[in-house]
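Taking it in order: structure first as structure tokens, then the write-up.
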Amino acid sequence: MLQARDDLLTVFMGVGSVLILASLVGWALRLRFSPEGGNAAIENLNDRIRAWWIMVIALALAFLGGRMGVMLLFALCSFAALREFMTLTNATRADHWSLVGAFFIVLPGQYYLVWAERYGIFAVFIPVYVFLLLPIVSALRGESRNFLVRVAEMQWALMICVFCASHVPALLNLTISGYEGRNLLLIAFLVIAAQMSDVLQYVWGKLAGKRKIAPSLSPSKTVEGFLGGAGSATLLAAGLWWMTPFTPCRRD
Amino acid sequence: MGREGRLLLRKTSARVSGRAIALFARLVTAVQPFWQGIDPLDRRQRIYFANHASHGDFILVWSVLPAPLRQKTRPVAGADYWGGTGLRSFVGRDVFNAVLIDRQRNGNAADPVSVMTGALDDGASLILFPEGTRNLTDAELLPFKSGLFHLAEARPGIDLVPVWIDNLNRVLPKGSFIPVPLMCKVIFGEALRLGPDEGKEAFLTRSREALLNLRPGKDGN
């Protein structure tokens, strides 16, 4: 337990120093090249650094709140993601009750099941029960236009935004021998690896990016950025092996 | 508690309720303003006219206005719904300081246009729904009632700003009482005024077109 707390402290101190360094660099760049806020790239960088600070502070607060804090943080993330996803779908007012159910019953229900460690039902609640029942609710209003599209979009939204996201706090439920009491580190590891991949893809893309992957989707994603970012993030995550239950060279 | 104490309590609770309602609206809709024709920092008096699909419409417009504008902006609302007594009256009169007009015009009720010009002469900006009633049909926008024209005719020096409220009809559709969280936009267009020789029909058509033109594209939101 004490070891876990020391490790977490190390992680947050490390992340904190990186962010302080990034903020200083961003501030210096702004002072030097973009005093009026005219340089879009520097402004964008500083916006990103600010967003990382918010992310790290939110995560730190959640960790301070322990199990409950982490559940709440990811439930809120699911809520925000689902809200954005549903906005883009074809859901009409005929789906109103399905949407009410998705936001106010399915989402809290899924997180309750994770909280209560009911793995047996939590793993099938959305992909089986909600999947089969939600279309019935949507059919009640008798609106047949786009029915399959509407239902498929809602099911997909719940799978991605609620079912998948809820597996992050579910990491706390794992029992791993020799790793007791340290499960929070797994979440920290996941978030750091994912975030570093994003950051490094951005850096590689800015420095070496030439061939665009899908310019109509995202004008800034390049093959070089993707390969460099994914590669260096993998190396960096491997360097954080001490946060996980695994060792670099594992033979068993 | 004396009369003044009660008044202060009512005022304070109205202010707190206003904040709470605006916060709730933000939580549900993550509402964002888009300034496509006017400067939000410009504090001039305006008449905002918007599409009307839900009871939450003026709350959304009100909550995205910058604080200095918000304090001077009053929604125009039907006395039959927001007048009366109890909670609705508290929200209508105290929290949002609504300009209440009689939509039925029965008996000796005050003329709506003169009530609105009275509020304008006191220095208030107005939020107005020129369709006259909530749009519960499949049409994007109902035909405008003539109130906007009469108001523009009576006070021709005040800017009329079209405001498109996007997506709120999906948050709280007809006949439902539980809002679902979906993201909304409030789009402010370019100000317009009544032309020198512009007739009623021409002006109402022009202002309605100006509002319709603010709709975001259907494909990419």
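Identifiers in the structure tokens: chain A, B, ... in order shown; residue index from 1 per chain; ligand index from 1 in order shown.
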
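By only C-alpha atoms, and with residues fewer than 6 positions from Ser177 in chain A along its chain excluded, the set lying at most 12 Å from it is A:Asn183, A:Pro245, A:Phe246.
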
Could you turn the residues from that selection into a file that holds N, CA and C atoms, as a short mmCIF file (atom, residue, chain, number, x, y, z; two decimals), in the first residue's frame?
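Everything below was put into result-v2.cif:
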data_model
loop_
_atom_site.label_atom_id
_atom_site.label_comp_id
_atom_site.auth_asym_id
_atom_site.auth_seq_id
_atom_site.Cartn_x
_atom_site.Cartn_y
_atom_site.Cartn_z
N ASN A 183 -3.76 -0.89 -8.06
CA ASN A 183 -4.49 -0.84 -9.34
C ASN A 183 -4.65 0.56 -9.91
N PRO A 245 2.07 -4.66 -13.50
CA PRO A 245 2.46 -5.93 -12.85
C PRO A 245 3.53 -6.68 -13.65
N PHE A 246 3.95 -6.14 -14.79
CA PHE A 246 4.83 -6.89 -15.68
C PHE A 246 6.27 -6.41 -15.60
#

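For Gly189 in chain B, the set of protein, DNA and RNA residues having any atom at most 6 Å away, when counting only C-alpha atoms and skipping those fewer than 5 positions along the same chain, is B:Gln36, B:Gly37, B:Pro162.
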
Those of range 40-128 of chain B in DSSP alpha helix (DSSP H), formatted as a VMD selection string: chain B and resid 57 to 64 67 to 70 79 to 82 86 to 89 112 to 121

Serialized selection, C-alpha atoms, as a PDB file, in the first residue's frame:
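Below is the file part.pdb, written as the result:
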ATOM      1  CA  ASP B  57     -35.357  28.914 -25.579  1.00  0.00           C
ATOM      2  CA  PHE B  58     -34.969  32.237 -23.829  1.00  0.00           C
ATOM      3  CA  ILE B  59     -32.992  30.607 -21.021  1.00  0.00           C
ATOM      4  CA  LEU B  60     -30.435  29.428 -23.571  1.00  0.00           C
ATOM      5  CA  VAL B  61     -30.130  32.829 -25.266  1.00  0.00           C
ATOM      6  CA  TRP B  62     -30.001  34.564 -21.902  1.00  0.00           C
ATOM      7  CA  SER B  63     -27.321  32.257 -20.499  1.00  0.00           C
ATOM      8  CA  VAL B  64     -24.870  32.745 -23.394  1.00  0.00           C
ATOM      9  CA  ALA B  67     -22.996  39.279 -18.057  1.00  0.00           C
ATOM     10  CA  PRO B  68     -23.250  43.048 -18.726  1.00  0.00           C
ATOM     11  CA  LEU B  69     -25.684  42.428 -21.606  1.00  0.00           C
ATOM     12  CA  ARG B  70     -27.591  39.780 -19.703  1.00  0.00           C
ATOM     13  CA  ALA B  79     -48.648  36.282 -19.662  1.00  0.00           C
ATOM     14  CA  ASP B  80     -50.922  33.251 -19.855  1.00  0.00           C
ATOM     15  CA  TYR B  81     -47.973  30.899 -19.222  1.00  0.00           C
ATOM     16  CA  TRP B  82     -45.399  32.901 -17.246  1.00  0.00           C
ATOM     17  CA  GLY B  86     -46.311  30.221  -8.056  1.00  0.00           C
ATOM     18  CA  LEU B  87     -43.101  28.854  -9.544  1.00  0.00           C
ATOM     19  CA  ARG B  88     -43.666  29.894 -13.154  1.00  0.00           C
ATOM     20  CA  SER B  89     -44.390  33.425 -12.062  1.00  0.00           C
ATOM     21  CA  PRO B 112     -48.403  44.012 -26.600  1.00  0.00           C
ATOM     22  CA  VAL B 113     -46.457  46.403 -28.806  1.00  0.00           C
ATOM     23  CA  SER B 114     -46.864  49.297 -26.382  1.00  0.00           C
ATOM     24  CA  VAL B 115     -45.791  47.037 -23.475  1.00  0.00           C
ATOM     25  CA  MET B 116     -42.636  46.116 -25.424  1.00  0.00           C
ATOM     26  CA  THR B 117     -41.833  49.684 -26.481  1.00  0.00           C
ATOM     27  CA  GLY B 118     -42.285  50.690 -22.843  1.00  0.00           C
ATOM     28  CA  ALA B 119     -39.593  48.185 -21.832  1.00  0.00           C
ATOM     29  CA  LEU B 120     -37.332  49.434 -24.665  1.00  0.00           C
ATOM     30  CA  ASP B 121     -37.784  53.024 -23.519  1.00  0.00           C
TER      31      ASP B 121
END

Interface residues on chain A facing chain B, 8 Å, only C-alpha atoms, written as an NGL selection string: :A and (83-84 or 86-88 or 92-93 or 96 or 99-100 or 103)

Surrounding residues of range 133-147 of chain B excluding itself and chain neighbours under 3 positions, 6 Å, only C-alpha atoms, as a PyMOL selection string: chain B and resi 52-53+130+150

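Between CA of Phe129 in chain B and CA of Leu148 in chain B there is a distance of 8.7 Å.
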
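In this structure, CA of Leu8 in chain A sits 13.6 Å away from CA of Tyr179 in chain A.
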
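The gap separating CA of Ile158 in chain B from CA of Asp39 in chain B is 15.2 Å, in Å to one decimal.
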
Close residues, Ala210 in chain B itself excluded, 12 Å, only C-alpha atoms, min 6 positions apart in chain, as number ranges by chain: B: 36-37, 49-51, 141, 160-164, 187-193, 203-204

Residues as selected, C-alpha atoms, written as a short mmCIF file (atom, residue, chain, number, x, y, z; two decimals), in the first residue's frame, can you do that?
data_model
loop_
_atom_site.label_atom_id
_atom_site.label_comp_id
_atom_site.auth_asym_id
_atom_site.auth_seq_id
_atom_site.Cartn_x
_atom_site.Cartn_y
_atom_site.Cartn_z
CA GLN B 36 -21.63 35.75 -36.76
CA GLY B 37 -22.66 39.35 -37.14
CA PHE B 49 -35.49 37.65 -32.33
CA ALA B 50 -35.23 33.88 -32.27
CA ASN B 51 -36.92 30.65 -33.34
CA LEU B 141 -39.82 28.03 -38.74
CA LEU B 160 -32.84 43.76 -34.67
CA VAL B 161 -30.59 40.71 -34.30
CA PRO B 162 -31.66 37.28 -35.63
CA VAL B 163 -30.75 34.44 -33.24
CA TRP B 164 -30.95 30.80 -34.33
CA ILE B 187 -26.05 31.64 -33.42
CA PHE B 188 -26.25 35.44 -33.51
CA GLY B 189 -26.55 36.93 -37.02
CA GLU B 190 -26.06 40.36 -38.49
CA ALA B 191 -28.27 43.14 -37.17
CA LEU B 192 -31.00 44.50 -39.44
CA ARG B 193 -33.40 47.44 -39.36
CA PHE B 203 -39.91 43.21 -43.80
CA LEU B 204 -41.32 40.07 -42.20
#

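If only C-alpha atoms are the atoms counted, then among A:Ser216, A:Ala58, A:Ala22, A:Ser78 the closest residue to Asn46 in chain A is A:Ala22.
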
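The nearest approach to Gly69 in chain A among the residues A:Trp115, A:Trp241, A:Phe122, A:Phe163, with only C-alpha atoms taken into account, belongs to A:Trp115.
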
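Nearest residue to Ala102 in chain A, choosing from A:Ala139, A:Leu158, A:Met68, A:Ala123 and counting only C-alpha atoms: A:Leu158.
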
Near-Gln45 in chain B list (8 Å; only C-alpha atoms; drop same-chain fewer than 6 positions) as a PyMOL selection string: chain B and resi 123-125+158-159

Every residue of chain B that DSSP places in strand (DSSP E), as a VMD selection string: chain B and resid 32 to 35 46 to 50 73 to 78 99 to 101 125 to 128 159 to 166 185 to 188

10 Å contact set for Gly18 in chain B, only C-alpha atoms, chain neighbours under 2 positions out, as a ChimeraX atom specification: /B:12-16,20-24,59,62-63,91,94-96
